[in-house]
$ cat start.cif   # mmCIF, C-alpha atoms
data_run
#
loop_
_atom_site.label_atom_id
_atom_site.label_comp_id
_atom_site.auth_asym_id
_atom_site.auth_seq_id
_atom_site.Cartn_x
_atom_site.Cartn_y
_atom_site.Cartn_z
CA MET A 1 3.37 8.86 11.16
CA ARG A 2 0.75 10.02 13.66
CA PRO A 3 -1.48 11.99 11.25
CA ILE A 4 -1.05 9.32 8.58
CA PHE A 5 -2.17 6.62 11.05
CA LEU A 6 -5.18 8.68 12.13
CA LEU A 7 -6.24 9.13 8.50
CA ALA A 8 -5.27 5.81 6.92
CA VAL A 9 -6.53 3.52 9.68
CA ALA A 10 -8.88 5.22 12.11
CA LEU A 11 -10.68 7.38 9.54
CA VAL A 12 -11.27 4.38 7.26
CA PHE A 13 -12.95 2.53 10.14
CA VAL A 14 -15.09 5.56 11.03
CA THR A 15 -16.09 6.21 7.40
CA THR A 16 -16.95 2.55 6.85
CA LEU A 17 -19.12 2.47 9.96
CA CYS A 18 -20.99 5.68 9.10
CA VAL A 19 -21.57 4.74 5.46
CA ALA A 20 -22.68 1.22 6.42
CA ALA A 21 -25.16 2.56 8.98
CA THR A 22 -26.56 5.11 6.52
CA ALA A 23 -26.83 2.64 3.63
CA HIS A 24 -28.48 -0.01 5.81
CA ALA A 25 -31.03 2.57 6.94
CA ILE A 26 -31.96 4.09 3.56
CA VAL A 27 -31.66 1.14 1.14
CA PRO A 28 -34.53 -1.27 1.78
CA GLY A 29 -33.41 -4.83 2.47
CA LEU A 30 -29.67 -4.14 2.29
CA PRO A 31 -27.93 -6.61 4.65
CA ILE A 32 -25.44 -5.28 7.19
CA ALA A 33 -22.54 -7.22 5.64
CA ALA A 34 -23.25 -5.77 2.19
CA ALA A 35 -23.57 -2.29 3.69
CA VAL A 36 -20.16 -2.69 5.37
CA ALA A 37 -18.70 -3.78 2.03
CA LEU A 38 -20.09 -0.58 0.46
CA GLY A 39 -18.63 1.48 3.30
CA ALA A 40 -15.21 -0.16 2.94
CA LEU A 41 -14.98 0.35 -0.81
CA VAL A 42 -15.86 4.08 -0.69
CA ALA A 43 -13.78 4.80 2.44
CA PRO A 44 -10.24 5.17 1.01
CA PRO A 45 -9.50 8.46 -0.81
CA ASP A 46 -7.31 8.43 -3.89
CA PRO A 47 -4.41 10.89 -3.54
CA VAL A 48 -3.54 10.99 -7.26
CA ALA A 49 -5.58 14.09 -8.08
CA ALA A 50 -4.59 15.81 -4.85
CA THR A 51 -0.86 15.25 -5.32
CA ALA A 52 -1.12 16.29 -8.97
CA ALA A 53 -2.68 19.55 -7.84
CA ALA A 54 0.00 19.86 -5.16
CA GLY A 55 2.71 19.66 -7.79
CA GLN A 56 1.08 22.39 -9.86
CA LEU A 57 -0.01 24.67 -7.02
CA GLY A 58 2.91 24.22 -4.65
CA LEU A 59 1.27 22.79 -1.52
CA PRO A 60 3.46 22.45 1.59
CA ARG A 61 5.57 19.31 1.58
CA ARG A 62 4.09 18.11 4.87
CA LEU A 63 0.58 18.14 3.36
CA VAL A 64 1.73 16.25 0.28
CA SER A 65 3.52 13.68 2.46
CA ILE A 66 0.42 13.12 4.59
CA LEU A 67 -1.84 12.78 1.54
CA GLU A 68 0.56 10.33 -0.14
CA GLY A 69 0.99 8.33 3.08
CA GLU A 70 -2.76 8.19 3.58
CA GLY A 71 -3.26 7.05 -0.01
CA LEU A 72 -0.72 4.23 0.43
CA PHE A 73 -1.94 2.80 3.72
CA ASN A 74 -5.69 3.45 3.66
CA ASP A 75 -6.14 0.97 0.80
CA VAL A 76 -4.73 -1.74 3.07
CA THR A 77 -7.22 -1.00 5.86
CA ALA A 78 -10.16 -0.68 3.48
CA ILE A 79 -9.37 -3.89 1.58
CA VAL A 80 -9.10 -5.93 4.79
CA LEU A 81 -12.50 -4.62 5.94
CA TYR A 82 -13.90 -5.22 2.45
CA HIS A 83 -12.74 -8.85 2.38
CA VAL A 84 -14.26 -9.53 5.82
CA ALA A 85 -17.60 -7.98 4.80
CA ILE A 86 -17.72 -9.77 1.44
CA ALA A 87 -16.91 -13.11 3.11
CA ALA A 88 -19.74 -12.57 5.61
CA ALA A 89 -22.20 -11.61 2.86
CA VAL A 90 -21.24 -14.56 0.62
CA SER A 91 -21.16 -17.24 3.32
CA GLY A 92 -23.95 -15.87 5.45
CA THR A 93 -21.92 -16.33 8.63
CA PHE A 94 -19.90 -13.92 10.73
CA SER A 95 -17.40 -14.73 13.46
CA PRO A 96 -15.77 -11.91 15.45
CA TRP A 97 -12.94 -14.27 16.42
CA GLN A 98 -12.31 -15.09 12.77
CA VAL A 99 -12.29 -11.39 11.91
CA GLY A 100 -9.79 -10.70 14.67
CA LEU A 101 -7.60 -13.56 13.47
CA ASP A 102 -7.72 -12.26 9.89
CA LEU A 103 -6.68 -8.81 11.02
CA VAL A 104 -3.79 -10.20 13.07
CA LEU A 105 -2.61 -12.38 10.18
CA SER A 106 -2.82 -9.45 7.80
CA ALA A 107 -0.80 -7.28 10.16
CA VAL A 108 1.89 -9.90 10.89
CA VAL A 109 2.24 -12.07 7.79
CA ALA A 110 2.17 -9.31 5.18
CA PRO A 111 5.11 -7.25 6.54
CA ALA A 112 7.17 -10.43 6.99
CA VAL A 113 6.55 -11.49 3.39
CA GLY A 114 7.12 -7.96 2.10
CA LEU A 115 10.45 -7.60 3.91
CA ALA A 116 11.63 -11.06 2.84
CA LEU A 117 10.79 -10.47 -0.84
CA GLY A 118 12.25 -6.96 -0.72
CA TRP A 119 15.53 -8.20 0.77
CA GLY A 120 15.78 -11.04 -1.73
CA ALA A 121 14.97 -8.80 -4.69
CA ASN A 122 17.55 -6.27 -3.51
CA LYS A 123 20.28 -8.91 -3.44
CA LEU A 124 19.23 -10.27 -6.83
CA MET A 125 19.29 -6.81 -8.41
CA ASP A 126 22.88 -6.38 -7.29
CA LEU A 127 23.77 -9.61 -9.09
CA LEU A 128 21.91 -8.75 -12.30
CA GLY A 129 23.53 -5.37 -12.92
CA ASP A 130 21.73 -4.76 -16.25
CA PRO A 131 19.08 -1.96 -16.06
CA THR A 132 16.62 -3.86 -18.27
CA LEU A 133 16.75 -6.95 -16.05
CA GLN A 134 16.55 -4.89 -12.87
CA ILE A 135 13.45 -3.02 -14.04
CA GLY A 136 11.86 -6.27 -15.22
CA LEU A 137 12.50 -7.80 -11.79
CA SER A 138 10.94 -4.77 -10.09
CA LEU A 139 7.80 -5.44 -12.15
CA LEU A 140 7.61 -9.15 -11.25
CA VAL A 141 8.48 -9.01 -7.53
CA PRO A 142 5.25 -7.26 -6.43
CA TYR A 143 3.18 -10.04 -8.00
CA ALA A 144 5.18 -12.67 -6.11
CA SER A 145 4.82 -10.68 -2.90
CA TYR A 146 1.05 -10.36 -3.34
CA VAL A 147 0.46 -14.04 -4.17
CA MET A 148 2.70 -15.33 -1.36
CA ALA A 149 1.01 -13.12 1.26
CA GLU A 150 -2.47 -14.11 0.08
CA GLU A 151 -1.57 -17.81 0.19
CA LEU A 152 -0.43 -17.35 3.80
CA HIS A 153 -3.72 -15.55 4.64
CA GLY A 154 -2.06 -12.15 4.92
CA SER A 155 -2.79 -8.87 3.18
CA GLY A 156 -1.37 -8.97 -0.34
CA VAL A 157 -1.67 -5.20 -0.71
CA LEU A 158 0.27 -4.55 2.50
CA ALA A 159 2.96 -7.03 1.43
CA VAL A 160 3.39 -5.27 -1.92
CA LEU A 161 3.56 -1.91 -0.15
CA ILE A 162 6.26 -3.12 2.26
CA THR A 163 8.25 -4.66 -0.61
CA ALA A 164 8.06 -1.44 -2.62
CA LEU A 165 9.11 0.72 0.32
CA PHE A 166 12.04 -1.60 1.07
CA LEU A 167 13.26 -1.51 -2.53
CA ALA A 168 12.87 2.26 -2.72
CA GLU A 169 14.92 2.67 0.46
CA TYR A 170 17.69 0.11 0.02
CA ALA A 171 17.94 -0.79 -3.68
CA THR A 172 19.34 2.57 -4.81
CA ASP A 173 22.92 2.64 -6.07
CA ALA A 174 24.15 6.24 -6.24
CA ASP A 175 26.12 5.51 -9.41
CA ASP A 176 23.39 3.49 -11.18
CA VAL A 177 22.22 6.46 -13.22
CA MET A 178 20.72 4.58 -16.18
CA THR A 179 18.57 2.27 -14.02
CA ARG A 180 17.28 5.21 -12.02
CA LEU A 181 16.35 7.30 -15.08
CA ALA A 182 14.87 4.39 -17.03
CA GLY A 183 13.06 3.09 -13.93
CA HIS A 184 11.34 6.40 -13.26
CA THR A 185 10.22 6.62 -16.88
CA PHE A 186 9.00 3.01 -16.92
CA TRP A 187 6.96 3.31 -13.73
CA ASP A 188 5.47 6.62 -14.81
CA ILE A 189 4.17 4.84 -17.91
CA VAL A 190 2.86 1.87 -15.90
CA ASP A 191 1.13 4.19 -13.43
CA THR A 192 -0.53 6.12 -16.25
CA LEU A 193 -1.72 2.95 -18.01
CA VAL A 194 -3.06 1.30 -14.84
CA THR A 195 -4.91 4.45 -13.81
CA GLY A 196 -6.29 4.84 -17.33
CA VAL A 197 -7.51 1.24 -17.42
CA ALA A 198 -9.15 1.61 -14.01
CA PHE A 199 -11.09 4.69 -15.02
CA GLY A 200 -11.82 3.16 -18.41
CA LEU A 201 -13.61 0.41 -16.52
CA ILE A 202 -15.88 3.08 -15.04
CA GLY A 203 -17.03 3.94 -18.53
CA LEU A 204 -17.51 0.27 -19.46
CA GLU A 205 -19.52 -0.33 -16.29
CA LEU A 206 -21.49 2.89 -16.57
CA HIS A 207 -24.11 1.41 -18.87
CA ASN A 208 -24.85 -1.29 -16.26
CA ALA A 209 -25.28 1.39 -13.61
CA VAL A 210 -27.60 3.35 -15.92
CA ARG A 211 -29.60 0.19 -16.65
CA THR A 212 -29.88 -0.49 -12.93
CA ALA A 213 -31.28 2.99 -12.29
CA SER A 214 -33.74 2.80 -15.21
CA GLY A 215 -37.15 3.78 -13.85
CA ARG A 216 -35.68 4.41 -10.38
CA TRP A 217 -33.57 7.50 -11.00
CA ASP A 218 -34.97 9.59 -8.17
CA GLU A 219 -34.55 6.80 -5.65
CA MET A 220 -31.07 5.70 -6.76
CA LEU A 221 -29.68 9.22 -7.11
CA GLY A 222 -31.08 10.05 -3.67
CA TRP A 223 -29.22 7.10 -2.13
CA ALA A 224 -25.99 8.02 -3.90
CA ALA A 225 -26.28 11.68 -2.86
CA ALA A 226 -26.84 10.67 0.76
CA ILE A 227 -23.71 8.49 0.79
CA VAL A 228 -21.69 11.27 -0.89
CA CYS A 229 -22.76 13.66 1.87
CA VAL A 230 -21.81 11.12 4.55
CA VAL A 231 -18.38 10.48 2.99
CA VAL A 232 -17.56 14.19 2.66
CA LEU A 233 -18.94 15.31 6.03
CA VAL A 234 -17.39 12.44 8.00
CA ARG A 235 -13.94 13.40 6.72
CA LEU A 236 -14.45 17.02 7.80
CA LEU A 237 -15.93 16.18 11.21
CA TYR A 238 -13.11 13.69 11.80
CA LEU A 239 -10.26 15.96 10.69
CA LEU A 240 -11.14 18.79 13.07
CA PRO A 241 -10.69 16.82 16.35
CA ALA A 242 -7.94 14.63 14.83
CA THR A 243 -5.87 17.70 13.93
CA TRP A 244 -6.43 19.13 17.42
CA LEU A 245 -5.42 15.81 19.00
CA THR A 246 -2.30 15.60 16.86
CA LYS A 247 -1.31 19.13 17.87
CA ARG A 248 -1.79 18.31 21.57
CA MET A 249 0.28 15.14 21.33
CA HIS A 250 2.89 17.03 19.34
CA ALA A 251 3.11 19.76 21.99
CA LYS A 252 3.30 17.33 24.93
CA ARG A 253 6.05 15.20 23.41
CA ASP A 254 7.88 18.23 21.99
CA VAL A 255 8.74 16.31 18.83
CA ASP A 256 10.05 18.18 15.82
CA GLU A 257 7.37 16.80 13.53
CA GLU A 258 5.69 18.73 10.75
CA ILE A 259 1.90 18.51 10.95
CA PRO A 260 -0.92 20.67 9.56
CA MET A 261 -0.89 23.65 11.92
CA SER A 262 -3.66 25.82 10.48
CA ARG A 263 -7.34 25.53 9.70
CA ARG A 264 -6.69 26.42 6.07
CA GLU A 265 -4.40 23.43 5.64
CA THR A 266 -6.98 21.23 7.37
CA VAL A 267 -9.65 22.41 4.90
CA VAL A 268 -7.36 21.55 1.97
CA MET A 269 -6.79 18.07 3.44
CA TRP A 270 -10.54 17.65 3.80
CA TRP A 271 -11.31 18.66 0.23
CA SER A 272 -8.52 16.40 -1.08
CA GLY A 273 -10.48 13.26 -0.20
CA MET A 274 -11.45 12.24 -3.74
CA ARG A 275 -12.31 8.57 -4.33
CA GLY A 276 -10.66 6.82 -7.25
CA VAL A 277 -8.82 3.71 -8.41
CA ALA A 278 -9.13 1.60 -5.24
CA SER A 279 -12.88 2.22 -5.00
CA VAL A 280 -13.32 1.35 -8.68
CA ALA A 281 -11.45 -1.94 -8.28
CA LEU A 282 -13.34 -2.95 -5.15
CA ALA A 283 -16.73 -2.04 -6.64
CA LEU A 284 -16.06 -4.16 -9.73
CA ALA A 285 -14.85 -7.03 -7.53
CA VAL A 286 -18.15 -7.44 -5.67
CA PRO A 287 -19.19 -11.08 -6.37
CA LEU A 288 -22.18 -11.86 -8.56
CA GLU A 289 -23.40 -14.73 -6.36
CA THR A 290 -23.21 -16.04 -2.80
CA ASP A 291 -22.12 -19.54 -1.79
CA SER A 292 -25.74 -20.71 -1.97
CA GLY A 293 -26.01 -19.68 -5.63
CA ALA A 294 -28.28 -16.73 -4.91
CA PRO A 295 -27.45 -13.31 -6.39
CA PHE A 296 -25.27 -11.13 -4.19
CA PRO A 297 -27.66 -8.93 -2.19
CA ASP A 298 -28.27 -5.55 -3.85
CA ARG A 299 -25.08 -5.75 -5.91
CA ASP A 300 -26.39 -3.40 -8.60
CA GLU A 301 -27.39 -0.83 -6.00
CA ILE A 302 -23.98 -1.07 -4.31
CA VAL A 303 -22.12 -0.59 -7.61
CA PHE A 304 -24.36 2.35 -8.61
CA ILE A 305 -23.87 4.11 -5.26
CA ALA A 306 -20.12 3.47 -5.34
CA PHE A 307 -19.81 4.91 -8.85
CA GLY A 308 -21.93 7.86 -7.78
CA VAL A 309 -19.52 8.60 -4.93
CA ILE A 310 -16.50 8.23 -7.21
CA MET A 311 -17.87 10.49 -9.93
CA ALA A 312 -19.22 13.12 -7.53
CA THR A 313 -16.00 13.46 -5.52
CA LEU A 314 -13.73 13.36 -8.57
CA VAL A 315 -15.69 15.95 -10.50
CA LEU A 316 -16.77 18.24 -7.66
CA GLN A 317 -13.71 18.12 -5.43
CA GLY A 318 -11.16 17.42 -8.14
CA LEU A 319 -12.14 20.41 -10.29
CA THR A 320 -12.55 22.83 -7.39
CA LEU A 321 -9.43 21.85 -5.38
CA PRO A 322 -7.07 24.18 -7.33
CA TRP A 323 -9.49 27.07 -6.82
CA LEU A 324 -9.77 26.29 -3.09
CA VAL A 325 -5.99 26.13 -2.65
CA LYS A 326 -5.56 29.51 -4.34
CA ARG A 327 -8.46 31.00 -2.39
CA LEU A 328 -7.05 29.91 0.96
CA GLY A 329 -3.51 30.88 0.04
CA VAL A 330 -1.95 27.59 1.13
CA ARG A 331 1.59 27.59 -0.24
CA ALA A 332 4.83 25.77 0.33
CA ASP A 333 7.62 27.51 2.21
CA SER A 334 9.71 28.25 -0.87
CA ALA A 335 12.37 30.14 1.10
CA ARG A 336 12.94 27.13 3.34
CA GLU A 337 13.08 24.77 0.33
CA LYS A 338 15.60 27.03 -1.41
CA GLU A 339 17.74 27.17 1.73
CA PHE A 340 17.73 23.38 2.01
CA GLU A 341 18.58 23.11 -1.69
CA LYS A 342 21.52 25.45 -1.10
CA GLN A 343 22.71 23.32 1.83
CA LEU A 344 22.60 20.21 -0.35
CA ALA A 345 24.50 22.04 -3.10
CA VAL A 346 27.23 23.01 -0.64
CA ARG A 347 27.47 19.45 0.66
CA ALA A 348 27.66 18.06 -2.89
CA ALA A 349 30.42 20.50 -3.85
CA ARG A 350 32.39 19.75 -0.68
CA ALA A 351 32.12 16.01 -1.30
CA ALA A 352 33.46 16.52 -4.83
CA LYS A 353 36.37 18.61 -3.52
CA ARG A 354 37.21 16.00 -0.86
CA ARG A 355 37.29 13.32 -3.52
CA LEU A 356 39.55 15.50 -5.70
CA LYS A 357 42.02 15.88 -2.82
CA GLU A 358 42.02 12.10 -2.34
CA ILE A 359 42.79 11.62 -6.03
CA GLU A 360 45.56 14.24 -5.93
CA ALA A 361 47.11 12.42 -2.97
CA VAL A 362 47.62 9.23 -5.00
CA GLU A 363 47.94 10.62 -8.55
CA ASP A 364 50.29 13.24 -9.94
CA LEU A 365 47.88 15.65 -11.64
CA PRO A 366 49.16 18.58 -13.70
CA GLU A 367 48.46 21.93 -12.07
CA GLU A 368 46.27 23.05 -14.96
CA LEU A 369 44.14 19.89 -14.76
CA SER A 370 43.91 20.15 -10.99
CA GLU A 371 42.62 23.73 -11.20
CA GLN A 372 40.15 22.76 -13.90
CA MET A 373 38.79 19.91 -11.79
CA LEU A 374 38.52 22.21 -8.77
CA ARG A 375 36.37 24.59 -10.83
CA ARG A 376 34.25 21.64 -11.96
CA ALA A 377 33.77 20.59 -8.33
CA PHE A 378 32.57 24.08 -7.44
CA GLU A 379 30.28 24.17 -10.47
CA ILE A 380 28.55 20.99 -9.29
CA GLY A 381 27.13 22.98 -6.39
CA VAL A 382 26.51 26.19 -8.34
CA ARG A 383 24.48 24.37 -10.98
CA ILE A 384 22.22 23.02 -8.23
CA SER A 385 21.94 26.32 -6.36
CA PRO A 386 23.38 29.41 -8.11
CA ASP A 387 23.06 31.38 -4.85
CA MET A 388 25.87 29.47 -3.14
CA GLY A 389 28.72 31.29 -4.91
CA GLU A 390 30.06 34.82 -4.58
CA GLU A 391 28.81 37.49 -6.97
CA GLU A 392 31.85 37.40 -9.27
CA ARG A 393 31.96 33.61 -9.37
CA ARG A 394 28.20 33.48 -10.01
CA GLU A 395 28.59 35.90 -12.93
CA ALA A 396 31.45 33.83 -14.34
CA HIS A 397 29.39 30.69 -13.94
CA GLN A 398 26.41 32.28 -15.67
CA GLN A 399 28.61 33.24 -18.59
CA ARG A 400 29.90 29.67 -18.83
CA VAL A 401 26.32 28.40 -18.65
CA ARG A 402 25.25 30.67 -21.51
CA ARG A 403 28.22 29.50 -23.57
CA LEU A 404 27.50 25.87 -22.69
CA LYS A 405 23.85 26.22 -23.72
CA ARG A 406 24.94 27.60 -27.07
CA VAL A 407 27.42 24.77 -27.56
CA ARG A 408 24.76 22.21 -26.59
CA ARG A 409 22.23 23.72 -28.99
CA ILE A 410 24.69 23.51 -31.88
CA GLN A 411 25.82 20.04 -30.86
CA SER A 412 22.17 18.95 -30.64
CA GLU A 413 21.59 20.07 -34.21
CA LEU A 414 24.73 18.24 -35.37
CA LEU A 415 23.59 15.03 -33.63
CA SER A 416 20.11 15.44 -35.09
CA ALA A 417 21.55 15.65 -38.61
CA ALA A 418 23.64 12.54 -37.89
CA ARG A 419 20.58 10.61 -36.66
CA HIS A 420 18.54 11.55 -39.73
CA GLU A 421 21.35 10.39 -42.00
CA VAL A 422 21.68 7.06 -40.15
CA LEU A 423 17.92 6.46 -40.29
CA ALA A 424 17.91 7.26 -44.01
CA ALA A 425 20.59 4.59 -44.51
CA ARG A 426 18.21 1.95 -43.10
CA SER A 427 16.13 1.95 -46.30
CA GLU A 428 19.13 1.73 -48.63
CA PRO A 429 19.69 -1.60 -50.46
CA GLY A 430 22.03 -3.90 -48.56
CA ALA A 431 21.90 -1.95 -45.29
CA ASP A 432 22.15 -4.11 -42.16
CA PRO A 433 19.35 -2.95 -39.76
CA GLU A 434 21.20 -4.28 -36.70
CA VAL A 435 24.23 -2.14 -37.48
CA VAL A 436 21.94 0.84 -38.09
CA ASP A 437 20.26 0.30 -34.70
CA ARG A 438 23.63 -0.06 -32.97
CA VAL A 439 24.92 3.21 -34.45
CA LEU A 440 21.62 4.96 -33.70
CA ARG A 441 21.76 3.81 -30.07
CA HIS A 442 25.29 5.21 -29.81
CA LEU A 443 24.03 8.58 -31.07
CA ASP A 444 21.03 8.48 -28.71
CA VAL A 445 23.27 7.82 -25.70
CA ARG A 446 25.57 10.62 -26.80
CA SER A 447 22.55 12.94 -27.05
CA LEU A 448 21.43 11.91 -23.57
CA ARG A 449 24.82 12.72 -22.13
#
$ encode --input "start.cif" --output "structure tokens"
Amino acid sequence: MRPIFLLAVALVFVTTLCVAATAHAIVPGLPIAAAVALGALVAPPDPVAATAAAGQLGLPRRLVSILEGEGLFNDVTAIVLYHVAIAAAVSGTFSPWQVGLDLVLSAVVAPAVGLALGWGANKLMDLLGDPTLQIGLSLLVPYASYVMAEELHGSGVLAVLITALFLAEYATDADDVMTRLAGHTFWDIVDTLVTGVAFGLIGLELHNAVRTASGRWDEMLGWAAAIVCVVVLVRLLYLLPATWLTKRMHAKRDVDEEIPMSRRETVVMWWSGMRGVASVALALAVPLETDSGAPFPDRDEIVFIAFGVIMATLVLQGLTLPWLVKRLGVRADSAREKEFEKQLAVRAARAAKRRLKEIEAVEDLPEELSEQMLRRAFEIGVRISPDMGEEERREAHQQRVRRLKRVRRIQSELLSAARHEVLAARSEPGADPEVVDRVLRHLDVRSLR
């Protein structure tokens, strides 16, 4: 929590301040409020590219956790600052007391709304039972959480985040396999579509940015390059003392907390600060006019600079991050992960054996069936971690696995032939499509099993 707080809250404030000061100094006539809005919208890094690289390159889990945590919470900080700056630029007035009140409301109201909606949605999901309805509810609840928090003058983004974290923690039924599998697939698709739409908007808005820079390319590119340098350098100059401070606090409190402990990991964290979806959304949300009807001050320049920062960090840092990770040799502790996986496999097998003994205590199982179920309980753990068994039992398991793969391959071909035949029957005269779909679903479920 400590490194995530230092990155997601404190670093966003520092980056916003530095960018605002630089933009106000180099862009002629740019008001302070508009400069702060620019700083807020380019301050939060997007962890999508970094975590994608982490999955491919095997970064340490602690680094991935910090990057994901930063990506979740820094949007909240940046959006609150952005709203305050936009309100000041649009209205032409600024009240420190009002800003303080907004921050307090965002910090108090949003978690309360998020927890309340998360608890209510959790209870409702238990009543629904059907995976389709549960997934549909998980899509609608965040909208309700956002709107309710905004109506109560809280942070809608923070409320959605709290609701999502609550549902992820408490709305998981161990035996609800279908909802879990279908839910992961559904949200992977939603995440891909939303990200694609956001970056598609960059392309749609690019012609406006090009038109804005027409005849002023040297000047506009110079401003964008200066802000890119500020954004990148501020993150590096902040991470060095922040990492040192975190280490000192960690040592004094003697807390068993995983934090970046080397300069190489700190460099990877620095270079992972690509800007993305949040910056795109905030740049496109800059108003066209103020309350007086006048054009928003230097809106075109702000959007051009913001898109310059997004494109430069995504292309430069995003394409070179895999090379940097390999060059520095930052890798996950695979031996430790394998050992933990083995421990979980042992615990899973023991839980299965305990349950088998409970069943044998109340049911009269034949000896042959009891021995078969005991082998199945052991295989639960071996399939997770083959290293947990003795050499002979591992060899026997591997033979069974090879036989099972062969059986599954043949059975898959049999089911495939059955599906083709059922689909061919759909086009036959007099065929009932609902019956065809029902039979096909039965075969699909059988294939999944």
$ resolve_selection --input "start.cif" --expression "the PyMOL selection byres ((chain A and resi 103-107) around 9)" --output "short mmCIF file (atom, residue, chain, number, x, y, z; two decimals) with C-alpha atoms, in the coordinates of the input"
data_model
loop_
_atom_site.label_atom_id
_atom_site.label_comp_id
_atom_site.auth_asym_id
_atom_site.auth_seq_id
_atom_site.Cartn_x
_atom_site.Cartn_y
_atom_site.Cartn_z
CA VAL A 80 -9.10 -5.93 4.79
CA LEU A 81 -12.50 -4.62 5.94
CA GLN A 98 -12.31 -15.09 12.77
CA VAL A 99 -12.29 -11.39 11.91
CA GLY A 100 -9.79 -10.70 14.67
CA LEU A 101 -7.60 -13.56 13.47
CA ASP A 102 -7.72 -12.26 9.89
CA VAL A 108 1.89 -9.90 10.89
CA VAL A 109 2.24 -12.07 7.79
CA ALA A 110 2.17 -9.31 5.18
CA PRO A 111 5.11 -7.25 6.54
CA ALA A 149 1.01 -13.12 1.26
CA LEU A 152 -0.43 -17.35 3.80
CA HIS A 153 -3.72 -15.55 4.64
CA GLY A 154 -2.06 -12.15 4.92
CA SER A 155 -2.79 -8.87 3.18
CA GLY A 156 -1.37 -8.97 -0.34
CA LEU A 158 0.27 -4.55 2.50
CA ALA A 159 2.96 -7.03 1.43
#
$ resolve_selection --input "start.cif" --expression "the PyMOL selection byres ((chain A and resi 205) around 12)" --output "MDAnalysis selection string"
chainID A and resid 198:204 206:212 280:281 283:285 300 303:304 306:307
$ closest_residue --input "start.cif" --among "A:Gln372, A:Ser412, A:Thr179, A:Thr93" --to "Leu128 (chain A)" --atoms "all atoms listed in the file"
A:Thr179
$ residues_around --input "start.cif" --residues "Glu301 (chain A)" --least-positions-apart "3" --cutoff "12 Å" --atoms "only C-alpha atoms" --output "NGL selection string"
:A and (23-24 or 26-30 or 34-35 or 38 or 208-214 or 216-217 or 219-224 or 283 or 286 or 296-298 or 304-308)
$ closest_residue --input "start.cif" --among "A:Gly136, A:Met125, A:Thr313, A:Leu344" --to "Ala225 (chain A)" --atoms "all atoms listed in the file"
A:Thr313
$ build_atoms --input "start.cif" --residues "region 277-286 of chain A" --atoms "N, CA, C and O atoms" --output "short mmCIF file (atom, residue, chain, number, x, y, z; two decimals), keeping the file's coordinate frame"
data_model
loop_
_atom_site.label_atom_id
_atom_site.label_comp_id
_atom_site.auth_asym_id
_atom_site.auth_seq_id
_atom_site.Cartn_x
_atom_site.Cartn_y
_atom_site.Cartn_z
N VAL A 277 -9.15 5.02 -7.85
CA VAL A 277 -8.82 3.71 -8.41
C VAL A 277 -9.19 2.57 -7.46
O VAL A 277 -9.77 1.57 -7.88
N ALA A 278 -8.84 2.69 -6.18
CA ALA A 278 -9.13 1.60 -5.24
C ALA A 278 -10.63 1.34 -5.15
O ALA A 278 -11.08 0.18 -5.13
N SER A 279 -11.43 2.39 -5.09
CA SER A 279 -12.88 2.22 -5.00
C SER A 279 -13.44 1.58 -6.26
O SER A 279 -14.36 0.75 -6.21
N VAL A 280 -12.88 1.96 -7.43
CA VAL A 280 -13.32 1.35 -8.68
C VAL A 280 -13.04 -0.15 -8.67
O VAL A 280 -13.92 -0.98 -8.99
N ALA A 281 -11.82 -0.53 -8.28
CA ALA A 281 -11.45 -1.94 -8.28
C ALA A 281 -12.32 -2.75 -7.33
O ALA A 281 -12.78 -3.85 -7.66
N LEU A 282 -12.55 -2.22 -6.14
CA LEU A 282 -13.34 -2.95 -5.15
C LEU A 282 -14.81 -3.04 -5.58
O LEU A 282 -15.47 -4.07 -5.33
N ALA A 283 -15.33 -1.99 -6.19
CA ALA A 283 -16.73 -2.04 -6.64
C ALA A 283 -16.91 -3.10 -7.73
O ALA A 283 -17.89 -3.87 -7.72
N LEU A 284 -15.96 -3.17 -8.66
CA LEU A 284 -16.06 -4.16 -9.73
C LEU A 284 -15.81 -5.58 -9.23
O LEU A 284 -16.18 -6.54 -9.91
N ALA A 285 -15.16 -5.70 -8.06
CA ALA A 285 -14.85 -7.03 -7.53
C ALA A 285 -15.95 -7.61 -6.66
O ALA A 285 -15.81 -8.73 -6.16
N VAL A 286 -17.03 -6.89 -6.45
CA VAL A 286 -18.15 -7.44 -5.67
C VAL A 286 -18.68 -8.68 -6.39
O VAL A 286 -19.01 -8.62 -7.58
#
